[in-house]
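Enquirer: Input query_22.json, format and content: JSON, C-alpha atoms.
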```json
[["chain", "number", "residue", "atom", "x", "y", "z"],
["A", 19, "MET", "CA", 46.72, 12.69, 45.39],
["A", 20, "PHE", "CA", 47.46, 12.81, 41.65],
["A", 21, "LYS", "CA", 44.44, 10.65, 40.89],
["A", 22, "SER", "CA", 42.18, 12.92, 42.96],
["A", 23, "LEU", "CA", 43.46, 15.99, 41.12],
["A", 24, "LYS", "CA", 42.94, 14.30, 37.78],
["A", 25, "ILE", "CA", 39.34, 13.48, 38.64],
["A", 26, "PHE", "CA", 38.77, 17.03, 39.92],
["A", 27, "PHE", "CA", 40.03, 18.65, 36.72],
["A", 28, "PHE", "CA", 38.14, 16.18, 34.52],
["A", 29, "ASN", "CA", 34.88, 16.95, 36.32],
["A", 30, "LEU", "CA", 35.59, 20.67, 36.08],
["A", 31, "PHE", "CA", 36.25, 20.30, 32.36],
["A", 32, "GLN", "CA", 32.97, 18.43, 31.90],
["A", 33, "LYS", "CA", 30.99, 21.06, 33.79],
["A", 34, "THR", "CA", 32.60, 23.79, 31.71],
["A", 35, "LEU", "CA", 31.75, 22.05, 28.45],
["A", 36, "LYS", "CA", 28.17, 21.63, 29.58],
["A", 37, "VAL", "CA", 27.56, 25.34, 30.22],
["A", 38, "LEU", "CA", 29.53, 26.69, 27.26],
["A", 39, "PRO", "CA", 27.73, 27.53, 23.99],
["A", 40, "SER", "CA", 28.20, 24.75, 21.44],
["A", 41, "GLY", "CA", 30.85, 26.47, 19.33],
["A", 42, "TYR", "CA", 33.01, 27.36, 22.33],
["A", 43, "ALA", "CA", 32.60, 23.86, 23.76],
["A", 44, "CYS", "CA", 33.98, 22.41, 20.51],
["A", 45, "SER", "CA", 36.89, 24.86, 20.58],
["A", 46, "LEU", "CA", 37.74, 23.95, 24.18],
["A", 47, "SER", "CA", 37.57, 20.24, 23.32],
["A", 48, "ASN", "CA", 39.88, 20.84, 20.35],
["A", 49, "ILE", "CA", 42.44, 22.57, 22.60],
["A", 50, "ARG", "CA", 42.36, 19.56, 24.91],
["A", 51, "GLN", "CA", 42.86, 17.21, 21.95],
["A", 52, "ILE", "CA", 45.92, 19.21, 20.87],
["A", 53, "ILE", "CA", 47.36, 19.04, 24.40],
["A", 54, "MET", "CA", 46.72, 15.28, 24.45],
["A", 55, "ARG", "CA", 48.37, 15.02, 20.99],
["A", 56, "ARG", "CA", 45.29, 13.51, 19.41],
["A", 57, "LYS", "CA", 44.33, 14.35, 15.84],
["A", 58, "ILE", "CA", 40.64, 14.80, 16.62],
["A", 59, "LYS", "CA", 38.65, 17.91, 15.77],
["A", 60, "PHE", "CA", 35.09, 18.90, 16.67],
["A", 61, "PHE", "CA", 32.81, 21.36, 14.88],
["A", 62, "HIS", "CA", 29.43, 22.90, 15.59],
["A", 63, "LEU", "CA", 27.28, 23.20, 12.47],
["A", 64, "LYS", "CA", 25.05, 26.06, 13.56],
["A", 65, "ASN", "CA", 22.77, 26.07, 10.51],
["A", 66, "GLN", "CA", 22.02, 22.35, 10.89],
["A", 67, "ASN", "CA", 22.07, 22.40, 14.69],
["A", 68, "LEU", "CA", 24.38, 19.38, 14.54],
["A", 69, "PHE", "CA", 27.97, 18.58, 15.47],
["A", 70, "LYS", "CA", 30.76, 16.98, 13.46],
["A", 71, "VAL", "CA", 33.92, 15.18, 14.47],
["A", 72, "GLU", "CA", 36.87, 14.40, 12.22],
["A", 73, "SER", "CA", 39.58, 11.85, 13.01],
["A", 74, "ASP", "CA", 41.31, 8.85, 11.46],
["A", 75, "PHE", "CA", 40.39, 10.22, 7.99],
["A", 76, "LEU", "CA", 36.75, 9.69, 8.98],
["A", 77, "THR", "CA", 33.83, 12.02, 9.68],
["A", 78, "MET", "CA", 30.85, 11.50, 11.98],
["A", 79, "PHE", "CA", 27.86, 13.70, 12.77],
["A", 80, "PHE", "CA", 26.09, 13.78, 16.14],
["A", 81, "ASN", "CA", 23.28, 15.81, 17.68],
["A", 82, "ASP", "CA", 23.89, 15.81, 21.44],
["A", 83, "LYS", "CA", 26.83, 17.99, 22.51],
["A", 84, "MET", "CA", 28.02, 16.22, 25.64],
["A", 85, "ARG", "CA", 27.36, 12.69, 24.42],
["A", 86, "GLY", "CA", 29.26, 13.30, 21.19],
["A", 87, "LEU", "CA", 32.21, 15.14, 22.73],
["A", 88, "ASN", "CA", 32.69, 12.31, 25.21],
["A", 89, "THR", "CA", 31.87, 9.42, 22.85],
["A", 90, "TYR", "CA", 34.47, 10.54, 20.30],
["A", 91, "SER", "CA", 37.05, 11.94, 22.71],
["A", 92, "TYR", "CA", 39.47, 9.19, 21.61],
["A", 93, "GLY", "CA", 38.45, 9.32, 17.97],
["A", 94, "ILE", "CA", 35.97, 7.75, 15.60],
["A", 95, "LYS", "CA", 37.96, 4.58, 15.06],
["A", 96, "ASP", "CA", 38.42, 3.96, 18.78],
["A", 97, "ARG", "CA", 34.67, 4.34, 19.36],
["A", 98, "ALA", "CA", 33.76, 1.96, 16.53],
["A", 99, "MET", "CA", 36.31, -0.66, 17.54],
["A", 100, "SER", "CA", 35.43, -0.57, 21.25],
["A", 101, "LEU", "CA", 31.70, -0.89, 20.51],
["A", 102, "ALA", "CA", 32.30, -3.81, 18.13],
["A", 103, "ASN", "CA", 34.43, -5.50, 20.79],
["A", 104, "THR", "CA", 31.54, -5.43, 23.28],
["A", 105, "TYR", "CA", 29.59, -7.61, 20.84],
["A", 106, "ASN", "CA", 32.69, -9.72, 20.03],
["A", 107, "LEU", "CA", 32.26, -9.14, 16.32],
["A", 108, "ASN", "CA", 35.78, -10.50, 15.83],
["A", 109, "LEU", "CA", 34.22, -13.98, 16.27],
["A", 110, "ILE", "CA", 32.17, -13.52, 13.11],
["A", 111, "LYS", "CA", 33.66, -13.93, 9.65],
["A", 112, "PHE", "CA", 31.98, -11.25, 7.55],
["A", 113, "TYR", "CA", 32.00, -11.25, 3.76],
["A", 114, "ASN", "CA", 31.06, -8.62, 1.22],
["A", 115, "ASP", "CA", 27.28, -8.34, 0.71],
["A", 116, "ASP", "CA", 26.46, -9.92, 4.09],
["A", 117, "VAL", "CA", 23.31, -8.40, 5.61],
["A", 118, "PHE", "CA", 24.06, -6.51, 8.82],
["A", 119, "ILE", "CA", 20.99, -5.27, 10.75],
["A", 120, "ASP", "CA", 21.63, -2.64, 13.39],
["A", 121, "CYS", "CA", 18.70, -2.13, 15.78],
["A", 122, "GLY", "CA", 19.24, 0.92, 17.96],
["A", 123, "ALA", "CA", 21.92, 2.19, 15.61],
["A", 124, "ASN", "CA", 22.31, 5.62, 17.30],
["A", 125, "TYR", "CA", 24.98, 7.35, 15.15],
["A", 126, "GLY", "CA", 25.94, 4.29, 13.08],
["A", 127, "ASP", "CA", 29.25, 3.46, 14.76],
["A", 128, "LEU", "CA", 29.05, -0.22, 13.83],
["A", 129, "TYR", "CA", 28.75, 0.72, 10.17],
["A", 130, "VAL", "CA", 32.01, 2.66, 10.60],
["A", 131, "TRP", "CA", 33.52, -0.55, 11.98],
["A", 132, "THR", "CA", 32.70, -2.31, 8.70],
["A", 133, "LEU", "CA", 34.34, 0.54, 6.77],
["A", 134, "ILE", "CA", 37.47, 0.34, 8.91],
["A", 135, "ASN", "CA", 37.65, -3.40, 8.23],
["A", 136, "LYS", "CA", 36.92, -2.86, 4.51],
["A", 137, "ILE", "CA", 33.83, -5.08, 4.54],
["A", 138, "LYS", "CA", 31.15, -4.01, 2.08],
["A", 139, "VAL", "CA", 28.14, -5.28, 3.98],
["A", 140, "LYS", "CA", 24.51, -4.50, 3.24],
["A", 141, "TYR", "CA", 23.91, -2.33, 6.30],
["A", 142, "ILE", "CA", 20.34, -1.83, 7.51],
["A", 143, "SER", "CA", 19.76, 0.51, 10.44],
["A", 144, "PHE", "CA", 16.74, 1.08, 12.66],
["A", 145, "GLU", "CA", 16.79, 4.34, 14.62],
["A", 146, "PRO", "CA", 13.44, 5.77, 15.78],
["A", 147, "SER", "CA", 14.84, 8.84, 17.54],
["A", 148, "PRO", "CA", 14.35, 11.73, 15.07],
["A", 149, "ARG", "CA", 17.59, 13.63, 15.61],
["A", 150, "GLU", "CA", 19.78, 10.54, 15.73],
["A", 151, "TYR", "CA", 18.15, 9.43, 12.49],
["A", 152, "GLU", "CA", 19.27, 12.71, 10.87],
["A", 153, "CYS", "CA", 22.83, 11.82, 11.85],
["A", 154, "ILE", "CA", 22.49, 8.23, 10.62],
["A", 155, "LYS", "CA", 21.56, 9.48, 7.16],
["A", 156, "LEU", "CA", 24.75, 11.56, 7.07],
["A", 157, "ASN", "CA", 27.00, 8.90, 8.61],
["A", 158, "CYS", "CA", 25.73, 5.90, 6.66],
["A", 159, "VAL", "CA", 25.31, 7.29, 3.18],
["A", 160, "GLY", "CA", 24.19, 4.76, 0.59],
["A", 161, "GLN", "CA", 22.90, 2.31, 3.19],
["A", 162, "ILE", "CA", 19.33, 1.40, 4.17],
["A", 163, "ASN", "CA", 18.39, 3.63, 7.08],
["A", 164, "ASN", "CA", 14.96, 3.30, 8.69],
["A", 165, "ASN", "CA", 13.34, 5.87, 10.97],
["A", 166, "LEU", "CA", 11.41, 3.02, 12.59],
["A", 167, "ALA", "CA", 11.35, 1.17, 15.90],
["A", 168, "LEU", "CA", 11.36, -2.61, 15.88],
["A", 169, "SER", "CA", 8.64, -4.17, 18.04],
["A", 170, "ASN", "CA", 6.24, -7.11, 18.29],
["A", 171, "LYS", "CA", 3.50, -4.89, 16.85],
["A", 172, "THR", "CA", 3.24, -2.78, 13.71],
["A", 173, "GLY", "CA", 1.72, 0.64, 14.34],
["A", 174, "THR", "CA", 2.46, 3.99, 15.98],
["A", 175, "PHE", "CA", 3.42, 4.24, 19.65],
["A", 176, "ASP", "CA", 4.87, 6.65, 22.22],
["A", 177, "PHE", "CA", 8.65, 6.86, 22.12],
["A", 178, "TYR", "CA", 10.62, 8.40, 25.00],
["A", 179, "VAL", "CA", 13.61, 10.41, 23.80],
["A", 180, "ASN", "CA", 16.75, 10.68, 25.93],
["A", 181, "SER", "CA", 19.61, 11.58, 23.60],
["A", 182, "SER", "CA", 22.05, 12.71, 26.29],
["A", 183, "SER", "CA", 22.51, 9.20, 27.72],
["A", 184, "GLY", "CA", 21.38, 7.18, 24.70],
["A", 185, "ASP", "CA", 18.46, 5.71, 26.66],
["A", 186, "SER", "CA", 15.63, 6.46, 24.23],
["A", 187, "SER", "CA", 13.05, 3.68, 24.28],
["A", 188, "LEU", "CA", 9.47, 2.59, 23.71],
["A", 189, "ILE", "CA", 9.42, 2.04, 27.49],
["A", 190, "GLU", "CA", 9.82, 5.06, 29.77],
["A", 191, "PRO", "CA", 13.45, 4.94, 31.00],
["A", 192, "ALA", "CA", 14.55, 5.36, 34.60],
["A", 193, "THR", "CA", 17.01, 8.05, 33.48],
["A", 194, "GLY", "CA", 14.12, 10.26, 32.36],
["A", 195, "PHE", "CA", 13.33, 11.73, 28.95],
["A", 196, "THR", "CA", 13.39, 15.15, 27.31],
["A", 197, "LYS", "CA", 10.34, 14.62, 25.13],
["A", 198, "LYS", "CA", 7.83, 12.03, 24.01],
["A", 199, "VAL", "CA", 7.20, 11.56, 20.29],
["A", 200, "LYS", "CA", 5.19, 9.20, 18.14],
["A", 201, "ALA", "CA", 7.29, 6.48, 16.52],
["A", 202, "LYS", "CA", 6.28, 4.10, 13.78],
["A", 203, "THR", "CA", 6.98, 0.46, 14.60],
["A", 204, "ILE", "CA", 7.34, -2.73, 12.60],
["A", 205, "THR", "CA", 8.19, -6.31, 13.48],
["A", 206, "LEU", "CA", 11.48, -7.65, 12.17],
["A", 207, "GLU", "CA", 9.53, -10.55, 10.68],
["A", 208, "ASP", "CA", 7.33, -8.21, 8.64],
["A", 209, "TYR", "CA", 10.34, -6.16, 7.53],
["A", 210, "VAL", "CA", 12.39, -9.18, 6.49],
["A", 211, "LEU", "CA", 9.53, -10.79, 4.56],
["A", 212, "LYS", "CA", 8.51, -7.52, 2.92],
["A", 213, "ASN", "CA", 12.08, -6.89, 1.74],
["A", 214, "ASN", "CA", 12.73, -10.54, 0.83],
["A", 215, "LEU", "CA", 15.85, -10.92, 2.98],
["A", 216, "LYS", "CA", 16.80, -14.58, 2.72],
["A", 217, "LYS", "CA", 19.96, -14.53, 4.84],
["A", 218, "ILE", "CA", 21.03, -12.20, 7.64],
["A", 219, "LYS", "CA", 24.58, -12.53, 8.86],
["A", 220, "PHE", "CA", 24.25, -10.42, 12.01],
["A", 221, "PHE", "CA", 21.42, -8.80, 13.91],
["A", 222, "LYS", "CA", 22.43, -6.36, 16.63],
["A", 223, "LEU", "CA", 19.67, -5.88, 19.17],
["A", 224, "GLU", "CA", 19.90, -2.88, 21.50],
["A", 225, "ALA", "CA", 16.59, -1.30, 22.48],
["A", 226, "GLU", "CA", 17.08, 0.00, 26.03],
["A", 227, "GLY", "CA", 15.01, -2.74, 27.63],
["A", 228, "PHE", "CA", 12.61, -3.47, 24.77],
["A", 229, "GLU", "CA", 14.60, -6.48, 23.53],
["A", 230, "PRO", "CA", 12.04, -9.20, 24.53],
["A", 231, "GLU", "CA", 9.29, -7.60, 22.44],
["A", 232, "ILE", "CA", 11.57, -7.27, 19.42],
["A", 233, "LEU", "CA", 12.62, -10.91, 19.67],
["A", 234, "ASP", "CA", 8.96, -11.88, 19.93],
["A", 235, "GLY", "CA", 8.34, -10.01, 16.68],
["A", 236, "SER", "CA", 11.17, -11.95, 15.01],
["A", 237, "LYS", "CA", 10.03, -15.51, 15.68],
["A", 238, "GLY", "CA", 9.02, -16.36, 12.13],
["A", 239, "ILE", "CA", 12.37, -15.45, 10.53],
["A", 240, "LEU", "CA", 14.92, -16.48, 13.18],
["A", 241, "ASP", "CA", 16.07, -19.33, 10.96],
["A", 242, "ARG", "CA", 17.36, -16.72, 8.47],
["A", 243, "ILE", "CA", 19.71, -15.11, 11.04],
["A", 244, "GLU", "CA", 23.16, -16.59, 11.68],
["A", 245, "TYR", "CA", 24.30, -14.42, 14.61],
["A", 246, "ILE", "CA", 22.47, -12.19, 17.08],
["A", 247, "GLY", "CA", 24.19, -9.76, 19.42],
["A", 248, "VAL", "CA", 21.99, -8.71, 22.35],
["A", 249, "ASP", "CA", 22.48, -5.82, 24.75],
["A", 250, "GLY", "CA", 20.35, -6.87, 27.72],
["A", 251, "SER", "CA", 21.84, -4.44, 30.23],
["A", 252, "PRO", "CA", 19.70, -3.25, 33.18],
["A", 253, "GLU", "CA", 17.81, -0.56, 31.27],
["A", 254, "ARG", "CA", 14.21, -1.75, 31.08],
["A", 255, "GLY", "CA", 11.70, 0.75, 32.39],
["A", 256, "LEU", "CA", 11.58, 2.66, 35.64],
["A", 257, "LYS", "CA", 13.02, -0.31, 37.56],
["A", 258, "SER", "CA", 16.06, -0.59, 35.27],
["A", 259, "GLU", "CA", 15.63, -4.33, 34.80],
["A", 260, "SER", "CA", 17.98, -6.50, 32.78],
["A", 261, "THR", "CA", 16.63, -8.44, 29.79],
["A", 262, "ILE", "CA", 19.61, -10.70, 29.09],
["A", 263, "ASN", "CA", 18.10, -13.75, 30.84],
["A", 264, "GLN", "CA", 14.83, -13.41, 28.92],
["A", 265, "ALA", "CA", 16.70, -13.02, 25.66],
["A", 266, "THR", "CA", 18.93, -16.01, 26.39],
["A", 267, "GLU", "CA", 16.01, -18.26, 27.32],
["A", 268, "PHE", "CA", 14.08, -17.23, 24.19],
["A", 269, "LEU", "CA", 17.00, -17.72, 21.82],
["A", 270, "GLU", "CA", 18.10, -21.03, 23.31],
["A", 271, "LYS", "CA", 14.56, -22.35, 22.79],
["A", 272, "ASN", "CA", 14.93, -21.32, 19.16],
["A", 273, "ASN", "CA", 18.20, -23.20, 18.55],
["A", 274, "PHE", "CA", 20.67, -20.41, 19.31],
["A", 275, "LYS", "CA", 23.72, -20.89, 21.50],
["A", 276, "VAL", "CA", 25.67, -18.31, 23.51],
["A", 277, "ILE", "CA", 29.20, -18.19, 22.11],
["A", 278, "SER", "CA", 30.42, -15.20, 24.14],
["A", 279, "SER", "CA", 29.11, -12.94, 26.87],
["A", 280, "ASN", "CA", 30.08, -9.88, 28.88],
["A", 281, "ILE", "CA", 27.86, -9.76, 31.96],
["A", 282, "ASN", "CA", 28.07, -8.05, 35.35],
["A", 283, "GLN", "CA", 25.66, -6.10, 37.55],
["A", 284, "PHE", "CA", 25.90, -2.99, 35.36],
["A", 285, "TYR", "CA", 26.35, -4.47, 31.90],
["A", 286, "ALA", "CA", 25.03, -7.45, 29.95],
["A", 287, "LYS", "CA", 25.83, -8.33, 26.34],
["A", 288, "ALA", "CA", 25.95, -11.69, 24.61],
["A", 289, "LEU", "CA", 26.59, -13.05, 21.14],
["A", 290, "PHE", "CA", 24.41, -15.94, 19.95],
["A", 291, "LYS", "CA", 24.95, -18.32, 17.03],
["A", 292, "ASN", "CA", 22.15, -20.15, 15.22],
["A", 293, "LEU", "CA", 22.95, -23.87, 15.46],
["A", 294, "ASN", "CA", 20.57, -24.71, 12.62],
["A", 295, "TYR", "CA", 21.61, -21.96, 10.23],
["A", 296, "LEU", "CA", 22.20, -23.27, 6.74]]
```
Starting from the file, give its structure as structure tokens.
Expert:
Amino acid sequence: MFKSLKIFFFNLFQKTLKVLPSGYACSLSNIRQIIMRRKIKFFHLKNQNLFKVESDFLTMFFNDKMRGLNTYSYGIKDRAMSLANTYNLNLIKFYNDDVFIDCGANYGDLYVWTLINKIKVKYISFEPSPREYECIKLNCVGQINNNLALSNKTGTFDFYVNSSSGDSSLIEPATGFTKKVKAKTITLEDYVLKNNLKKIKFFKLEAEGFEPEILDGSKGILDRIEYIGVDGSPERGLKSESTINQATEFLEKNNFKVISSNINQFYAKALFKNLNYL
């Protein structure tokens, strides 16, 4: 009975947030945070048409009301730590100046994880969605932030934007999209060679089903990458296909080994280590 009531009130709260104007939705969320005794505060920045959350002596900006209010409902640190745990980043020993490439960076939560752990990495983000990129620039100040999509081709292609569920992709997602924009693409190989990156400690690959193409565009520089974290969850195209098996087969052929994985019918992530990395 109690569980049913809890679910009822949570769903009612979510529906209320959804219909409320942005400023009032933030105020209601802040009241809930006070009741829950959490030191988390949300703001609507009307002039910028963005949102801000403050917690754990940290600040993050986000553009989608419902996604941000839910993503940071337990705080910025909790979000960063839980995301890092899905990639098992605790298995990697990071050092200052290590190159950390974040493909599909969204709001830059993994960069926050490096700040929390006091690691001064060279953070390079790729975020083709225009509004999320605005947030990345505010959240990852002083880092290398690219409004580009990684691919196996360099050019300009249709990009399907779905900010509410974080399913934006170069392939039309099953969850739908709010708009279609033109996104500039580059292969990771071209980017790495152009910027003379000799060693890459970690490459996070999350592209809502476009992972095989990005790996294909990385073939020539895989020997420079020590670890790759792949999100191959069932998100590819209108059929919501998983890409984890394709990614695993490709990386194993290129001397990578799975050292951890989190896979079920809804979710598929794995961390790979380069066996030949020098």
Enquirer: Select, counting only C-alpha atoms, all protein, DNA and RNA residues no farther than 9 Å from (24.2, -12.3, 10.5) in file coordinates, and express the selection as a count of residues only.
Expert: 18
Enquirer: Kindly give the distance, in Å, that separates CA of Asp234 (chain A) and CA of Asp249 (chain A), rounded to a single decimal.
Expert: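 Value for the CA of Asp234 (chain A)-CA of Asp249 (chain A) distance: 15.6 Å.
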Enquirer: Can you write out as a tab-separated table which residues of region 156-270 of chain A fall within 7 Å of region 80-100 of chain A, alongside each residue's closest atom pair and its distance in Å to one decimal, counting all atoms listed in the file and ordering rows by chain and ascending residue number?
Expert:
```
residue	atom	partner	partner_atom	distance
A:Ser181	CA	A:Asp82	CA	6.4
A:Ser182	CA	A:Arg85	CA	5.6
A:Ser183	CA	A:Arg85	CA	6.8
```
Enquirer: When you count only C-alpha atoms, which of these residues is closest to Pro191 (chain A): A:Leu223, A:Leu215, A:Leu240, A:Leu256?
Expert: A:Leu256
Enquirer: Counting only C-alpha atoms, figure out which residue out of A:Asp74, A:Phe61, A:Asn180, A:Asn214 gets nearest to Lys198 (chain A).
Expert: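 Among the listed residues, A:Asn180 lies closest to Lys198 (chain A).
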Enquirer: Grab the CA of Val179 (chain A) to CA of Arg149 (chain A) distance for me, in Å with one decimal place.
Expert: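 Value for the CA of Val179 (chain A)-CA of Arg149 (chain A) distance: 9.7 Å.
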Enquirer: Return the padded bounding box of region 234-240 of chain A as lines of an AutoDock Vina configuration file: axis-aligned, built from all atoms listed in the file, 3 Å added on each side, with centre and edge lengths in Å to one decimal.
Expert:
```
center_x = 11.6
center_y = -13.2
center_z = 15.2
size_x = 12.6
size_y = 12.5
size_z = 15.4
```
Enquirer: Given only C-alpha atoms as the basis, pick out the residue of A:Phe228, A:Tyr125, A:Trp131, A:Phe284 nearest to Tyr105 (chain A).
Expert: A:Trp131
Enquirer: Could you get me a file of region 76-85 of chain A with all heavy atoms, as a PDB file, in the first residue's frame, taken from the block above?
Expert:
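Contents of the output file out31.pdb:
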```pdb
ATOM      1  N   LEU A  76      29.268  22.658  -6.165  1.00  0.00           N
ATOM      2  CA  LEU A  76      29.443  22.573  -7.611  1.00  0.00           C
ATOM      3  C   LEU A  76      28.247  23.220  -8.299  1.00  0.00           C
ATOM      4  O   LEU A  76      27.177  23.357  -7.707  1.00  0.00           O
ATOM      5  CB  LEU A  76      29.555  21.110  -8.060  1.00  0.00           C
ATOM      6  CG  LEU A  76      30.742  20.309  -7.539  1.00  0.00           C
ATOM      7  CD1 LEU A  76      30.510  18.814  -7.760  1.00  0.00           C
ATOM      8  CD2 LEU A  76      32.034  20.741  -8.242  1.00  0.00           C
ATOM      9  N   THR A  77      28.445  23.600  -9.561  1.00  0.00           N
ATOM     10  CA  THR A  77      27.382  24.190 -10.365  1.00  0.00           C
ATOM     11  C   THR A  77      27.349  23.521 -11.731  1.00  0.00           C
ATOM     12  O   THR A  77      28.396  23.289 -12.340  1.00  0.00           O
ATOM     13  CB  THR A  77      27.596  25.704 -10.557  1.00  0.00           C
ATOM     14  OG1 THR A  77      27.607  26.346  -9.277  1.00  0.00           O
ATOM     15  CG2 THR A  77      26.492  26.315 -11.401  1.00  0.00           C
ATOM     16  N   MET A  78      26.147  23.192 -12.193  1.00  0.00           N
ATOM     17  CA  MET A  78      25.978  22.631 -13.530  1.00  0.00           C
ATOM     18  C   MET A  78      24.833  23.350 -14.230  1.00  0.00           C
ATOM     19  O   MET A  78      23.843  23.746 -13.604  1.00  0.00           O
ATOM     20  CB  MET A  78      25.649  21.136 -13.460  1.00  0.00           C
ATOM     21  CG  MET A  78      26.784  20.247 -13.004  1.00  0.00           C
ATOM     22  SD  MET A  78      28.102  20.071 -14.224  1.00  0.00           S
ATOM     23  CE  MET A  78      27.362  18.869 -15.336  1.00  0.00           C
ATOM     24  N   PHE A  79      24.968  23.504 -15.541  1.00  0.00           N
ATOM     25  CA  PHE A  79      23.925  24.091 -16.366  1.00  0.00           C
ATOM     26  C   PHE A  79      23.306  23.000 -17.238  1.00  0.00           C
ATOM     27  O   PHE A  79      23.996  22.092 -17.691  1.00  0.00           O
ATOM     28  CB  PHE A  79      24.502  25.199 -17.252  1.00  0.00           C
ATOM     29  CG  PHE A  79      25.027  26.378 -16.489  1.00  0.00           C
ATOM     30  CD1 PHE A  79      26.323  26.369 -15.969  1.00  0.00           C
ATOM     31  CD2 PHE A  79      24.235  27.500 -16.285  1.00  0.00           C
ATOM     32  CE1 PHE A  79      26.814  27.460 -15.257  1.00  0.00           C
ATOM     33  CE2 PHE A  79      24.719  28.593 -15.572  1.00  0.00           C
ATOM     34  CZ  PHE A  79      26.008  28.569 -15.053  1.00  0.00           C
ATOM     35  N   PHE A  80      22.001  23.095 -17.470  1.00  0.00           N
ATOM     36  CA  PHE A  80      21.330  22.150 -18.357  1.00  0.00           C
ATOM     37  C   PHE A  80      20.232  22.872 -19.119  1.00  0.00           C
ATOM     38  O   PHE A  80      19.785  23.959 -18.718  1.00  0.00           O
ATOM     39  CB  PHE A  80      20.786  20.944 -17.587  1.00  0.00           C
ATOM     40  CG  PHE A  80      19.821  21.254 -16.475  1.00  0.00           C
ATOM     41  CD1 PHE A  80      18.449  21.279 -16.707  1.00  0.00           C
ATOM     42  CD2 PHE A  80      20.286  21.502 -15.187  1.00  0.00           C
ATOM     43  CE1 PHE A  80      17.555  21.539 -15.682  1.00  0.00           C
ATOM     44  CE2 PHE A  80      19.392  21.773 -14.143  1.00  0.00           C
ATOM     45  CZ  PHE A  80      18.024  21.795 -14.396  1.00  0.00           C
ATOM     46  N   ASN A  81      19.786  22.296 -20.224  1.00  0.00           N
ATOM     47  CA  ASN A  81      18.828  22.984 -21.086  1.00  0.00           C
ATOM     48  C   ASN A  81      17.429  22.383 -21.087  1.00  0.00           C
ATOM     49  O   ASN A  81      16.462  23.068 -21.404  1.00  0.00           O
ATOM     50  CB  ASN A  81      19.337  23.027 -22.531  1.00  0.00           C
ATOM     51  CG  ASN A  81      19.445  21.652 -23.146  1.00  0.00           C
ATOM     52  OD1 ASN A  81      20.279  20.849 -22.743  1.00  0.00           O
ATOM     53  ND2 ASN A  81      18.605  21.350 -24.119  1.00  0.00           N
ATOM     54  N   ASP A  82      17.305  21.100 -20.741  1.00  0.00           N
ATOM     55  CA  ASP A  82      15.992  20.463 -20.742  1.00  0.00           C
ATOM     56  C   ASP A  82      15.467  20.364 -19.317  1.00  0.00           C
ATOM     57  O   ASP A  82      16.101  19.746 -18.452  1.00  0.00           O
ATOM     58  CB  ASP A  82      16.070  19.066 -21.374  1.00  0.00           C
ATOM     59  CG  ASP A  82      14.702  18.449 -21.552  1.00  0.00           C
ATOM     60  OD1 ASP A  82      14.048  18.733 -22.571  1.00  0.00           O
ATOM     61  OD2 ASP A  82      14.277  17.690 -20.657  1.00  0.00           O
ATOM     62  N   LYS A  83      14.309  20.966 -19.078  1.00  0.00           N
ATOM     63  CA  LYS A  83      13.761  21.083 -17.716  1.00  0.00           C
ATOM     64  C   LYS A  83      13.629  19.737 -17.008  1.00  0.00           C
ATOM     65  O   LYS A  83      14.235  19.523 -15.953  1.00  0.00           O
ATOM     66  CB  LYS A  83      12.398  21.783 -17.767  1.00  0.00           C
ATOM     67  CG  LYS A  83      11.745  21.955 -16.394  1.00  0.00           C
ATOM     68  CD  LYS A  83      10.408  22.659 -16.493  1.00  0.00           C
ATOM     69  CE  LYS A  83       9.322  21.756 -17.048  1.00  0.00           C
ATOM     70  NZ  LYS A  83       7.981  22.384 -17.004  1.00  0.00           N
ATOM     71  N   MET A  84      12.846  18.839 -17.581  1.00  0.00           N
ATOM     72  CA  MET A  84      12.556  17.582 -16.900  1.00  0.00           C
ATOM     73  C   MET A  84      13.789  16.689 -16.776  1.00  0.00           C
ATOM     74  O   MET A  84      14.008  16.062 -15.737  1.00  0.00           O
ATOM     75  CB  MET A  84      11.434  16.839 -17.615  1.00  0.00           C
ATOM     76  CG  MET A  84      10.091  17.544 -17.546  1.00  0.00           C
ATOM     77  SD  MET A  84       9.553  17.877 -15.849  1.00  0.00           S
ATOM     78  CE  MET A  84       9.355  16.215 -15.214  1.00  0.00           C
ATOM     79  N   ARG A  85      14.586  16.636 -17.825  1.00  0.00           N
ATOM     80  CA  ARG A  85      15.796  15.799 -17.769  1.00  0.00           C
ATOM     81  C   ARG A  85      16.743  16.286 -16.682  1.00  0.00           C
ATOM     82  O   ARG A  85      17.284  15.494 -15.901  1.00  0.00           O
ATOM     83  CB  ARG A  85      16.493  15.792 -19.121  1.00  0.00           C
ATOM     84  CG  ARG A  85      17.781  14.964 -19.147  1.00  0.00           C
ATOM     85  CD  ARG A  85      18.293  14.751 -20.560  1.00  0.00           C
ATOM     86  NE  ARG A  85      19.618  14.157 -20.572  1.00  0.00           N
ATOM     87  CZ  ARG A  85      19.864  12.877 -20.346  1.00  0.00           C
ATOM     88  NH1 ARG A  85      18.864  12.053 -20.102  1.00  0.00           N
ATOM     89  NH2 ARG A  85      21.097  12.405 -20.373  1.00  0.00           N
TER      90      ARG A  85
END
```
